[in-house]
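One structure is given here, and the rest of the page talks about it.
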Amino acid sequence: MFFKLFFFILSQSFYYSSSQIINFTYNGFGPPLTDISVQGIASVTRNGLLKLTNTTMRETGHAFYNKPIRFKDSPNGTVSSFSTTFVFAIHSQIPTLSSHGIAFAVVPNASLPFGDPSQYMGLFNITNNGNDTNHVFAVELDTVLNPEFNDKNDNHVGININSLISVNSSPAGYWKETGLGFKNMTLISGKRMQVWVDYDGRTNRIDVTMAPFKKSKPIKPLVSVVRDLSSVLLQDMFVGFSSATGHCCLPEHFVLGWSFGVNEKAPPLDLSKLPKLPRWKPRRIYVFYKNWMLSISIFCIPLVFIPSLIFLVRCILMRRRKFAEELEDWETYLGKNHRLKFKDLYYATQGFKDLLGSGGFGSVYKGVMPKTQHEIAVKRVSNESQQGLKEFVSEIVSIGRMSHRNIVPLLGYCRRKNELLLVYDYMPNGSLDKYLYNSPELTLGWKQRINVLKGVASALFYLHVEWEQVVIHRDVKASNVLLDAAYNGRLGDFGLARLCGHGSDPQTTRVVGTWGYLAPDHVTTGRVTTATDVFAFGVLLLEVACGRRPIEIDKVSGERVFLVDWVFGFWIEGNILDAKDPNLGTMYDQSEVEMVLKLGLLCSNSDPHARPSMGQVLHYLSGDEMLLDLSPLDLCRRGMMLGIHHGVRELGMFTGGSSIADSILSGGR
């Protein structure tokens, strides 16, 4: 019975010791201080302040209650409820800057020899941060933004478990009474603040609350999280504070009072008994900092501001000069609605980077208008001579009013220095010539080719007959036939076009155009008529059907071979279909191909009176009229014997050689 009673009393004493209520209170830390151990740069001031750090760089300061506290009844048991409250203050030498904060911590040992300074706050280091074997619970009052720890800002409160990455955090502050909102607090303000940390062993809820000094504890906590600490805390743990300094802006961390309790709320602090904070005067470093900054401002700002102002003015002037445009009086009424800004075109083409192609009249660039995202093609035409500029722009503006599905829309123009910029709709499939010559990677089938020819014929008929004035294009060729997204042919580049009234001829005697498409009558007289465009269209018909250039060099003899004569030779031999493009394959209408070849020869007749009109050509291509069954002899009687060879010889007589020299302005692309 004695032994049973002894063991019963002994077991009850053990039970009592493990589940007893433990608490302590420090209203200041005045000497003698027997239950608090300080390490690192931590110390206790004469008036009882627990000073965790001083102005030493990259050091840690620790202060722990030096008796172990039992948090669990058994090693594998659950953690008992506990709470703590403390009053602290952080003073920074530079009021707007700080270097790391302070943390309340529950740790396995009364010292943290492996805790690093700076961002690790004396708790962890780069190797053990985040390890479950740390068995550390902490509440950080952090004053530096560390992206590697996912900090919210440089003034926050967080709940940490075994890591400096908080399981939950919030900007420092407190919630006012219901409905009055949140009030921010600045941790480095040097003002006294109170913090409460509560853990409920039944619900595993952790609440962290803070408030200004002498203000009652807010009802709503600042940070909360539900987390069972049974796997984090050991049976016996130590409680205290940890802090650290970094490289600069060295702060001082103070704890004025502290209480702690297990299985009960932490005893309230007697705030009237807490020691006073020192009266801080601006330290030398801060005074020097302010004076240094003032000196820098007085002497350096003018030195920086004046050159910057000069540089800014120069940039503005250079920018204006870069985007300067010429605008004459006649343009204000003539081209007001068609004149575009050079600056807009410069940005649309990204400084004229995307070159689409170039030729005798300039280069073409792709662009996208910034506001509308409309794709454009900008042609830059050199304009060294001002002669006839007004008339040229006048005709460009007039052509800009035309609207036809087979004409590339002219959106406007811009004149700057010695160049003229013409802006068209962008055609995504480029020009027709790249699908015809030199074994192209992508060829067009016959249906596509005949559709392109019908489109160009329709455009020329519109120019010659249907529009308010007669427009003679003067530069019909494969490279000026552009293909839209559906491979429809559109006639473009009206840089050489001339306008005249219906029933009259344009007053020009200047030979312009592209070698190989020039009608002999235009070369010999310099005059242009609608028949001039018909001749060029006849050459285009032969190009599309044969897949050859208007003029090619014979590889054997080295002589020039004219496409018109080459096709005419096949016709004389009775096998005109042998002139067709071998890339057509077998999917084509023989009678239609034959008709196009003969129509091309008819249109390119040297006698302008023997050529059909574009209205007749359009009827032939559309199948509305049948082409007369002409023989080579009939065509010769109509003037074919005075074909392109005869025109070239006459041209040689006029120019003194085989080159057109200055009379021809474009050599094609």
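Chain labels follow the order of the structure tokens: the first chain is A, the next B, and so on; residue numbering restarts at 1 in every chain, and ligands are counted from 1 in their shown order.
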
Please return, as a CSV table (one decimal) with N, CA and C atoms, in the first residue's frame, all residues of range 56-221 of chain A that DSSP assigns to strand (DSSP E) on the basis of the backbone.
chain,number,residue,atom,x,y,z
A,60,THR,N,24.6,39.8,-34.9
A,60,THR,CA,23.3,39.3,-34.4
A,60,THR,C,23.2,39.7,-32.9
A,61,GLY,N,21.9,39.8,-32.5
A,61,GLY,CA,21.7,40.0,-31.1
A,61,GLY,C,20.5,39.1,-30.6
A,62,HIS,N,20.7,38.3,-29.5
A,62,HIS,CA,19.7,37.4,-29.0
A,62,HIS,C,19.5,37.7,-27.5
A,63,ALA,N,18.3,37.4,-27.1
A,63,ALA,CA,17.9,37.5,-25.7
A,63,ALA,C,16.8,36.5,-25.4
A,64,PHE,N,17.1,35.4,-24.6
A,64,PHE,CA,16.2,34.4,-24.3
A,64,PHE,C,16.0,34.2,-22.8
A,65,TYR,N,14.8,33.8,-22.5
A,65,TYR,CA,14.5,33.3,-21.1
A,65,TYR,C,15.3,32.0,-20.9
A,69,ILE,N,10.9,25.9,-21.1
A,69,ILE,CA,9.4,25.9,-20.9
A,69,ILE,C,8.8,24.7,-21.5
A,70,ARG,N,8.0,24.0,-20.7
A,70,ARG,CA,7.3,22.8,-21.2
A,70,ARG,C,6.1,23.1,-22.0
A,82,PHE,N,-0.6,29.0,-25.5
A,82,PHE,CA,0.4,29.9,-24.9
A,82,PHE,C,0.1,31.3,-25.6
A,83,SER,N,0.6,32.3,-24.9
A,83,SER,CA,0.5,33.6,-25.4
A,83,SER,C,1.6,34.5,-24.8
A,84,THR,N,1.9,35.6,-25.5
A,84,THR,CA,2.9,36.5,-25.1
A,84,THR,C,2.6,37.9,-25.5
A,85,THR,N,3.1,38.9,-24.8
A,85,THR,CA,2.9,40.3,-25.3
A,85,THR,C,4.2,41.0,-24.9
A,86,PHE,N,4.6,42.0,-25.7
A,86,PHE,CA,5.8,42.7,-25.5
A,86,PHE,C,5.7,44.1,-26.1
A,87,VAL,N,6.4,45.0,-25.6
A,87,VAL,CA,6.5,46.4,-26.1
A,87,VAL,C,7.9,46.6,-26.7
A,88,PHE,N,8.0,47.1,-27.9
A,88,PHE,CA,9.3,47.2,-28.6
A,88,PHE,C,9.3,48.6,-29.3
A,89,ALA,N,10.5,48.9,-29.8
A,89,ALA,CA,10.8,50.1,-30.6
A,89,ALA,C,12.0,49.9,-31.4
A,90,ILE,N,11.9,50.4,-32.7
A,90,ILE,CA,13.1,50.4,-33.6
A,90,ILE,C,13.5,51.8,-34.0
A,91,HIS,N,14.7,52.1,-33.7
A,91,HIS,CA,15.2,53.4,-34.1
A,91,HIS,C,16.2,53.3,-35.2
A,92,SER,N,16.0,54.1,-36.3
A,92,SER,CA,16.9,54.0,-37.4
A,92,SER,C,17.7,55.4,-37.5
A,102,ILE,N,13.1,42.7,-36.1
A,102,ILE,CA,13.2,42.0,-34.8
A,102,ILE,C,12.2,40.8,-34.9
A,103,ALA,N,12.5,39.7,-34.2
A,103,ALA,CA,11.6,38.6,-34.2
A,103,ALA,C,11.4,38.0,-32.8
A,104,PHE,N,10.1,37.7,-32.4
A,104,PHE,CA,9.9,36.9,-31.2
A,104,PHE,C,10.0,35.4,-31.7
A,105,ALA,N,10.7,34.6,-30.9
A,105,ALA,CA,11.0,33.2,-31.4
A,105,ALA,C,10.8,32.2,-30.3
A,106,VAL,N,10.3,31.0,-30.7
A,106,VAL,CA,10.3,29.8,-29.8
A,106,VAL,C,11.3,28.9,-30.4
A,107,VAL,N,12.4,28.5,-29.7
A,107,VAL,CA,13.5,27.8,-30.3
A,107,VAL,C,13.9,26.6,-29.4
A,137,PHE,N,9.5,28.4,-34.2
A,137,PHE,CA,8.3,29.2,-34.5
A,137,PHE,C,8.7,30.7,-34.2
A,138,ALA,N,8.3,31.6,-35.1
A,138,ALA,CA,8.7,33.0,-34.9
A,138,ALA,C,7.6,33.9,-35.5
A,139,VAL,N,7.6,35.1,-34.9
A,139,VAL,CA,6.8,36.2,-35.5
A,139,VAL,C,7.8,37.3,-35.8
A,140,GLU,N,7.9,37.7,-37.1
A,140,GLU,CA,8.9,38.6,-37.6
A,140,GLU,C,8.2,40.0,-37.7
A,141,LEU,N,9.0,41.0,-37.3
A,141,LEU,CA,8.6,42.4,-37.5
A,141,LEU,C,9.7,43.0,-38.4
A,142,ASP,N,9.5,42.8,-39.7
A,142,ASP,CA,10.5,43.0,-40.7
A,142,ASP,C,10.5,44.4,-41.4
A,156,HIS,N,6.4,45.0,-42.6
A,156,HIS,CA,5.4,44.0,-42.5
A,156,HIS,C,5.6,43.1,-41.2
A,157,VAL,N,4.5,42.4,-40.9
A,157,VAL,CA,4.5,41.4,-39.8
A,157,VAL,C,4.1,40.1,-40.3
A,158,GLY,N,4.9,39.0,-40.0
A,158,GLY,CA,4.7,37.7,-40.5
A,158,GLY,C,4.8,36.6,-39.5
A,159,ILE,N,4.1,35.5,-39.7
A,159,ILE,CA,4.2,34.3,-38.9
A,159,ILE,C,5.1,33.3,-39.7
A,160,ASN,N,6.2,32.9,-39.0
A,160,ASN,CA,7.2,32.0,-39.7
A,160,ASN,C,7.3,30.7,-39.0
A,161,ILE,N,7.4,29.6,-39.7
A,161,ILE,CA,7.6,28.3,-39.2
A,161,ILE,C,8.8,27.7,-39.9
A,168,ASN,N,2.0,33.4,-43.3
A,168,ASN,CA,1.0,34.5,-43.6
A,168,ASN,C,1.6,35.8,-43.1
A,169,SER,N,1.3,36.9,-43.7
A,169,SER,CA,1.9,38.1,-43.3
A,169,SER,C,1.0,39.3,-43.7
A,170,SER,N,1.3,40.4,-43.1
A,170,SER,CA,0.4,41.6,-43.4
A,170,SER,C,1.3,42.9,-43.2
A,171,PRO,N,1.0,44.0,-43.9
A,171,PRO,CA,1.6,45.2,-43.6
A,171,PRO,C,1.4,45.6,-42.2
A,173,GLY,N,0.3,47.3,-38.8
A,173,GLY,CA,-0.8,48.2,-38.5
A,173,GLY,C,-1.8,47.5,-37.6
A,174,TYR,N,-2.9,48.1,-37.5
A,174,TYR,CA,-4.0,47.5,-36.7
A,174,TYR,C,-5.3,47.9,-37.2
A,175,TRP,N,-6.3,47.1,-36.8
A,175,TRP,CA,-7.7,47.3,-37.2
A,175,TRP,C,-8.4,48.1,-36.1
A,182,PHE,N,-8.5,50.1,-41.5
A,182,PHE,CA,-7.2,49.7,-41.1
A,182,PHE,C,-6.3,51.0,-40.9
A,183,LYS,N,-5.4,50.9,-39.9
A,183,LYS,CA,-4.5,52.0,-39.7
A,183,LYS,C,-3.0,51.5,-39.8
A,184,ASN,N,-2.3,52.1,-40.7
A,184,ASN,CA,-0.9,51.7,-40.9
A,184,ASN,C,0.0,52.2,-39.7
A,193,MET,N,5.5,50.4,-29.5
A,193,MET,CA,4.4,49.6,-30.1
A,193,MET,C,4.3,48.3,-29.3
A,194,GLN,N,3.1,47.8,-29.2
A,194,GLN,CA,2.8,46.6,-28.4
A,194,GLN,C,2.3,45.5,-29.3
A,195,VAL,N,2.8,44.3,-29.1
A,195,VAL,CA,2.4,43.1,-29.9
A,195,VAL,C,1.9,42.0,-29.0
A,196,TRP,N,0.8,41.3,-29.5
A,196,TRP,CA,0.3,40.2,-28.8
A,196,TRP,C,0.4,39.0,-29.7
A,197,VAL,N,0.8,37.8,-29.2
A,197,VAL,CA,0.9,36.6,-30.0
A,197,VAL,C,0.1,35.5,-29.2
A,198,ASP,N,-0.9,34.9,-29.7
A,198,ASP,CA,-1.7,33.9,-29.0
A,198,ASP,C,-1.8,32.7,-29.9
A,199,TYR,N,-1.6,31.5,-29.2
A,199,TYR,CA,-1.8,30.2,-29.8
A,199,TYR,C,-2.9,29.4,-29.0
A,205,ARG,N,-5.2,27.8,-33.7
A,205,ARG,CA,-5.2,29.1,-34.3
A,205,ARG,C,-4.1,30.0,-33.8
A,206,ILE,N,-3.4,30.6,-34.6
A,206,ILE,CA,-2.3,31.6,-34.2
A,206,ILE,C,-2.8,33.0,-34.6
A,207,ASP,N,-2.8,33.9,-33.6
A,207,ASP,CA,-3.2,35.3,-33.9
A,207,ASP,C,-2.1,36.2,-33.5
A,208,VAL,N,-1.8,37.1,-34.3
A,208,VAL,CA,-0.8,38.2,-34.0
A,208,VAL,C,-1.5,39.5,-34.2
A,209,THR,N,-1.4,40.3,-33.1
A,209,THR,CA,-2.1,41.6,-33.0
A,209,THR,C,-1.1,42.7,-32.6
A,210,MET,N,-1.2,43.9,-33.1
A,210,MET,CA,-0.4,45.0,-32.7
A,210,MET,C,-1.2,46.3,-32.6
A,211,ALA,N,-0.6,47.2,-31.8
A,211,ALA,CA,-1.3,48.5,-31.6
A,211,ALA,C,-0.3,49.5,-31.1
A,212,PRO,N,-0.5,50.8,-31.2
A,212,PRO,CA,0.3,51.8,-30.6
A,212,PRO,C,0.4,51.6,-29.1

Which of these, A:Gln373, A:Gly190, A:Cys249, A:His619, has the shortest distance to Arg279 in chain A once you count only C-alpha atoms?
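Among the listed residues, A:Gly190 lies closest to Arg279 in chain A.
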
Just to confirm, what's the straight-line distance from CA of Ser613 in chain A to CA of Leu577 in chain A in Å (one decimal)?
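So the two atoms, CA of Ser613 in chain A and CA of Leu577 in chain A, lie 24.7 Å apart.
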
Ranking A:Asp132, A:Glu594, A:Glu552, A:Glu543 by minimum distance to Phe570 in chain A and counting only C-alpha atoms, which one comes first?
A:Glu594

When distances are computed from only C-alpha atoms, which of A:Asn480, A:Asn47, A:Thr245, A:Gln119 shows the smallest separation from Val456 in chain A?
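Result for the nearest residue to Val456 in chain A: A:Asn480.
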
Given only C-alpha atoms, how would the per-residue table for range 168-271 of chain A near range 18-40 of chain A read, listing every residue at most 8 Å away with its closest atom pair and distance in Å to one decimal, sorted by chain and number, as CSV?
residue,atom,partner,partner_atom,distance
A:Leu256,CA,A:Gly28,CA,5.5
A:Gly257,CA,A:Asn27,CA,4.7
A:Trp258,CA,A:Tyr26,CA,5.1
A:Ser259,CA,A:Thr25,CA,4.1
A:Phe260,CA,A:Asn23,CA,5.3
A:Gly261,CA,A:Asn23,CA,4.1
A:Val262,CA,A:Ile22,CA,5.2
A:Asn263,CA,A:Ile21,CA,5.6
A:Glu264,CA,A:Ile21,CA,6.9
A:Ala266,CA,A:Asn23,CA,6.9
A:Pro267,CA,A:Thr25,CA,6.7
A:Leu269,CA,A:Asn27,CA,6.2
A:Asp270,CA,A:Asn27,CA,6.3
A:Leu271,CA,A:Asn27,CA,7.4

All alpha helix (DSSP H) positions in range 108-350 of chain A, as a PyMOL selection string:
chain A and resi 284-322+329-334+342-348

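Each of A:Val223, A:Leu460, A:Ala579, A:Ile165 was checked against Gln616 in chain A using only C-alpha atoms; the smallest atom-to-atom distance is that of A:Leu460.
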
Would you compute the distance between CA of Asp354 in chain A and CA of Gly430 in chain A? Give it in Å to one decimal.
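So the two atoms, CA of Asp354 in chain A and CA of Gly430 in chain A, lie 13.6 Å apart.
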
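Counting from CA of Ser479 in chain A, the distance to CA of Val564 in chain A is 18.4 Å.
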